[in-house]
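Beneath this line is the structure, given in structure tokens, with notes to follow.
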Amino acid sequence: MTEPQFSRCSKPSKYKKLLFALCFFHSVLLERRKFLQLGWNIIYGFNDSDFEVSENLLSLYLDEYEETHWDALKYLIAGVNYGGHVTDDWDRRLLTTYINDYFCEQALSTPSYRLSVLETYFIPKDGSLASYKEYISMLPGVDPPETFGQHPNADVASQITEAQTLFETLLSLQPQITPTRAGDQSREEKVLELAADVKQKIPEMIDYEGTRKLLAMDPSPLNVVLLQEIQRYNKLMETILFSLTDLEKGIQGLIVMSTSLEEIFSCIFDAHVPPLWGKAYPSQKPLASWTRDLAMRVEQFELWASRARPPVIFWLSGFTFPTSFLTAVLQSSARQNNISVDSLSWEFIVSTVDDSNLVYPPKDGVWVRGLYLEGAGWDQKNSCLVEAEPMQLVCLMPTIHFRPTESRKKSAKGGTVPSSLPAPSLVWILTQSLLHSSPTLAPALLCQRLQGQTLSPLLFRRHVLLSLLLLSQPGRQLRPRIVCHWHRPPLWDHDI
């Protein structure tokens, strides 16, 4: 930007301040991308053209009108120019929050109006273009995550992700055939050893026919889900054993190594889960942890089948298709209460007692465990979200009571959602339920206090945007700010 362009507006005082705010707004949108899915649910291609068009609109509106039309400016800039890229509702909410903070009357009337929670970033006083550049040159070379409304843990998480990507790239560049010294194992010998170890740890298949006959007298929706899960896991284990057997024969030269076998060979050598095995359910675990996790999943359904009754607490992460399980819970409740399933909604109540005290199933609904928070902590005593501790990237969520209730009966403790809504809609409702059940995070959450701080809309996005991944389909990108994981996050899997 040149000095004549910087001074072209007929209202230089307003223009310079709002132009600086627009520059900061543009920079924040770009820099949040380094936090990956913790910055944006979807990575958008914001570019210089968006800024140039917005700057022209700003100058035009200030020249044409005596009063500042804030709503029109914010809509055209955040809703049209930049908002044209945004497709996610949560991201659009974040974009609107930023523009509301930067484009307001206080930005013009308040000296050194702060653009961040940090005192370093503010709108400088009026001056020449050189004075603004001088101020920018004095800003920190590396911007802390608080500049973008992020928790310091978000910076750690993004750096870990970048390091993992780097190591995976370096690993993929390693030569496929390496010379071995005397006494060292070759790649083939190592893969054969790992394949035999995986084969040994794969649990036995569940007796589907026996379970079906045992449950024939009680064709309840939950029993139907059990039989479906048994079929899927039996098919997965059959695929694993069949592919490992073929891999052993291929390494020994008994059969031709196909492309799929080569892929399995490389994945096992690198301690990754082969894509052929990962189609049953999404997981980011390394091979050893994934194998143990599979055994735990099968054990849940094997105990359920052997006892011919559902468990008291369901491990939701263990289901390959959680949506069918939750639908079955709604159907069971509808039959029990003799009402239409379409009239049912969900109510979510976070348990305040230890799981060992939950010895009986709830009267209506189910207990669910196996969910993790990312980006926040959970206060067990006050039943509310709190700031995550430093370096606490994930936090185990307490057991949650998924309780079906009629749509017209809304509890004071939590929100409800019609059973006919798709899975993404349940994300928002459960969010509201957990926040609403907290004495400190009430419906007026944006103006409530959290650890002594008043939450602005921007900090609300940072602190308490909770989304559950329990209903996402396999293969779908999972990108909330604060996440309840199906599976224990890979950062906890140090073993290869």
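Within each chain, counting starts at residue 1; across the structure tokens, chains are named A, B, ... in the order shown, with ligands numbered 1 upward in that order.
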Requested in this report: Excluding region 53-57 of chain A and residues on its chain fewer than 3 positions from it, collect all residues at most 8 Å away from it, counting only C-alpha atoms, and give them as a ChimeraX atom specification.
Outcome: /A:19,22,49-50,60-61,73,76-77,81
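Surrounding region 98-100 of chain A within 8 Å are Phe25, Lys74, Ala78, Leu94, Leu95, Phe103, Cys104 and Leu458 of chain A, with only C-alpha atoms counted and residues fewer than 3 positions along the same chain left out.
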Deliver the residues from the most recent selection as a file, using N, CA, C and O atoms, as a PDB file, in the first residue's frame.
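Everything below was put into result36.pdb:
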```pdb
ATOM      1  N   PHE A  25      -7.772  -8.341  10.986  1.00  0.00           N
ATOM      2  CA  PHE A  25      -8.812  -9.338  10.740  1.00  0.00           C
ATOM      3  C   PHE A  25      -8.366 -10.325   9.663  1.00  0.00           C
ATOM      4  O   PHE A  25      -8.479 -11.549   9.836  1.00  0.00           O
ATOM      5  N   LYS A  74     -20.066  -4.845   7.905  1.00  0.00           N
ATOM      6  CA  LYS A  74     -19.766  -6.176   8.443  1.00  0.00           C
ATOM      7  C   LYS A  74     -20.377  -7.276   7.584  1.00  0.00           C
ATOM      8  O   LYS A  74     -19.766  -8.338   7.400  1.00  0.00           O
ATOM      9  N   ALA A  78     -17.575  -9.641   6.077  1.00  0.00           N
ATOM     10  CA  ALA A  78     -17.537 -10.977   6.680  1.00  0.00           C
ATOM     11  C   ALA A  78     -18.580 -11.912   6.097  1.00  0.00           C
ATOM     12  O   ALA A  78     -18.359 -13.129   6.053  1.00  0.00           O
ATOM     13  N   LEU A  94     -17.695 -17.994  14.032  1.00  0.00           N
ATOM     14  CA  LEU A  94     -16.400 -17.435  14.431  1.00  0.00           C
ATOM     15  C   LEU A  94     -16.057 -16.206  13.607  1.00  0.00           C
ATOM     16  O   LEU A  94     -15.578 -15.194  14.133  1.00  0.00           O
ATOM     17  N   LEU A  95     -16.293 -16.275  12.309  1.00  0.00           N
ATOM     18  CA  LEU A  95     -16.013 -15.147  11.425  1.00  0.00           C
ATOM     19  C   LEU A  95     -16.835 -13.924  11.840  1.00  0.00           C
ATOM     20  O   LEU A  95     -16.321 -12.791  11.892  1.00  0.00           O
ATOM     21  N   PHE A 103     -14.905  -4.326  14.075  1.00  0.00           N
ATOM     22  CA  PHE A 103     -15.654  -3.248  13.435  1.00  0.00           C
ATOM     23  C   PHE A 103     -16.787  -2.817  14.360  1.00  0.00           C
ATOM     24  O   PHE A 103     -17.900  -3.348  14.298  1.00  0.00           O
ATOM     25  N   CYS A 104     -16.497  -1.869  15.220  1.00  0.00           N
ATOM     26  CA  CYS A 104     -17.475  -1.370  16.177  1.00  0.00           C
ATOM     27  C   CYS A 104     -17.129   0.075  16.519  1.00  0.00           C
ATOM     28  O   CYS A 104     -16.039   0.568  16.187  1.00  0.00           O
ATOM     29  N   LEU A 458     -15.712 -14.205  21.333  1.00  0.00           N
ATOM     30  CA  LEU A 458     -14.489 -14.803  20.804  1.00  0.00           C
ATOM     31  C   LEU A 458     -13.949 -15.845  21.768  1.00  0.00           C
ATOM     32  O   LEU A 458     -13.550 -16.939  21.380  1.00  0.00           O
TER      33      LEU A 458
END
```
Query raised in the report: Excluding same-chain residues fewer than 3 positions from Ser324 (chain A), what lies within 10 Å of it counting only C-alpha atoms, as a PyMOL selection string?
Result: chain A and resi 221-222+224-225+228-229+319-321+327-330+471
Query raised in the report: Do you have the CA of Ser243 (chain A)-CA of Leu226 (chain A) distance handy?
Result: 25.7 Å
Query raised in the report: Got a sec: who's within 12 Å of Glu146 (chain A), counting only C-alpha atoms, leaving out chain neighbours fewer than 4 positions off, as a list in words?
Result: Val28, Glu31, Arg32, Leu115, Ser116, Val117, Leu118, Glu119, Thr120, Tyr121, Val142, Gln150, His151, Pro152, Asn153, Ala154, Asp155, Leu458, Leu459, Arg462 and His463 of chain A
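Closest approach to Phe122 (chain A) among A:Phe325, A:Tyr102, A:Trp367, A:Trp378: A:Tyr102, based on only C-alpha atoms.
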Query raised in the report: Skipping near chain neighbours, those fewer than 4 positions away, what residues fall within 12 Å of Ser356 (chain A) using only C-alpha atoms, listed as an MDAnalysis selection string?
Result: chainID A and resid 312:313 351:352 360 399
Report task. From the DSSP assignment of the backbone, select every residue of region 177-405 of chain A that is strand (DSSP E), and format the answer as a ChimeraX atom specification. Result -> /A:313-315,344-350,366-369,372-374,377-379,384-386,394-396,400-405
Pull C-alpha atoms from the residues just selected and write them as an mmCIF file, in the first residue's frame.
```cif
data_model
loop_
_atom_site.group_PDB
_atom_site.id
_atom_site.type_symbol
_atom_site.label_atom_id
_atom_site.label_comp_id
_atom_site.auth_asym_id
_atom_site.auth_seq_id
_atom_site.Cartn_x
_atom_site.Cartn_y
_atom_site.Cartn_z
ATOM 1 C CA ILE A 313 -22.581 -48.805 30.719
ATOM 2 C CA PHE A 314 -22.071 -48.830 26.964
ATOM 3 C CA TRP A 315 -18.670 -48.064 25.511
ATOM 4 C CA LEU A 344 -38.713 -38.379 21.026
ATOM 5 C CA SER A 345 -35.792 -36.109 21.704
ATOM 6 C CA TRP A 346 -32.469 -36.498 23.477
ATOM 7 C CA GLU A 347 -31.601 -35.197 26.901
ATOM 8 C CA PHE A 348 -27.998 -35.483 28.057
ATOM 9 C CA ILE A 349 -27.034 -35.570 31.734
ATOM 10 C CA VAL A 350 -23.389 -35.829 32.750
ATOM 11 C CA VAL A 366 -28.466 -45.641 28.562
ATOM 12 C CA TRP A 367 -25.206 -44.788 30.275
ATOM 13 C CA VAL A 368 -22.441 -43.982 27.768
ATOM 14 C CA ARG A 369 -18.681 -43.787 28.332
ATOM 15 C CA TYR A 372 -12.804 -37.358 25.412
ATOM 16 C CA LEU A 373 -12.607 -33.583 25.507
ATOM 17 C CA GLU A 374 -9.976 -31.781 23.479
ATOM 18 C CA GLY A 377 -11.251 -29.595 30.923
ATOM 19 C CA TRP A 378 -14.224 -30.883 32.846
ATOM 20 C CA ASP A 379 -14.964 -29.816 36.418
ATOM 21 C CA CYS A 384 -19.070 -27.608 33.829
ATOM 22 C CA LEU A 385 -16.368 -26.955 31.266
ATOM 23 C CA VAL A 386 -13.243 -25.204 32.497
ATOM 24 C CA VAL A 394 -7.253 -34.293 26.098
ATOM 25 C CA CYS A 395 -9.515 -34.896 29.072
ATOM 26 C CA LEU A 396 -11.645 -37.938 29.802
ATOM 27 C CA ILE A 400 -23.168 -39.397 30.194
ATOM 28 C CA HIS A 401 -26.808 -40.420 30.545
ATOM 29 C CA PHE A 402 -28.426 -40.429 27.107
ATOM 30 C CA ARG A 403 -32.059 -40.112 28.021
ATOM 31 C CA PRO A 404 -34.890 -40.132 25.450
ATOM 32 C CA THR A 405 -37.659 -37.682 26.232
#
```
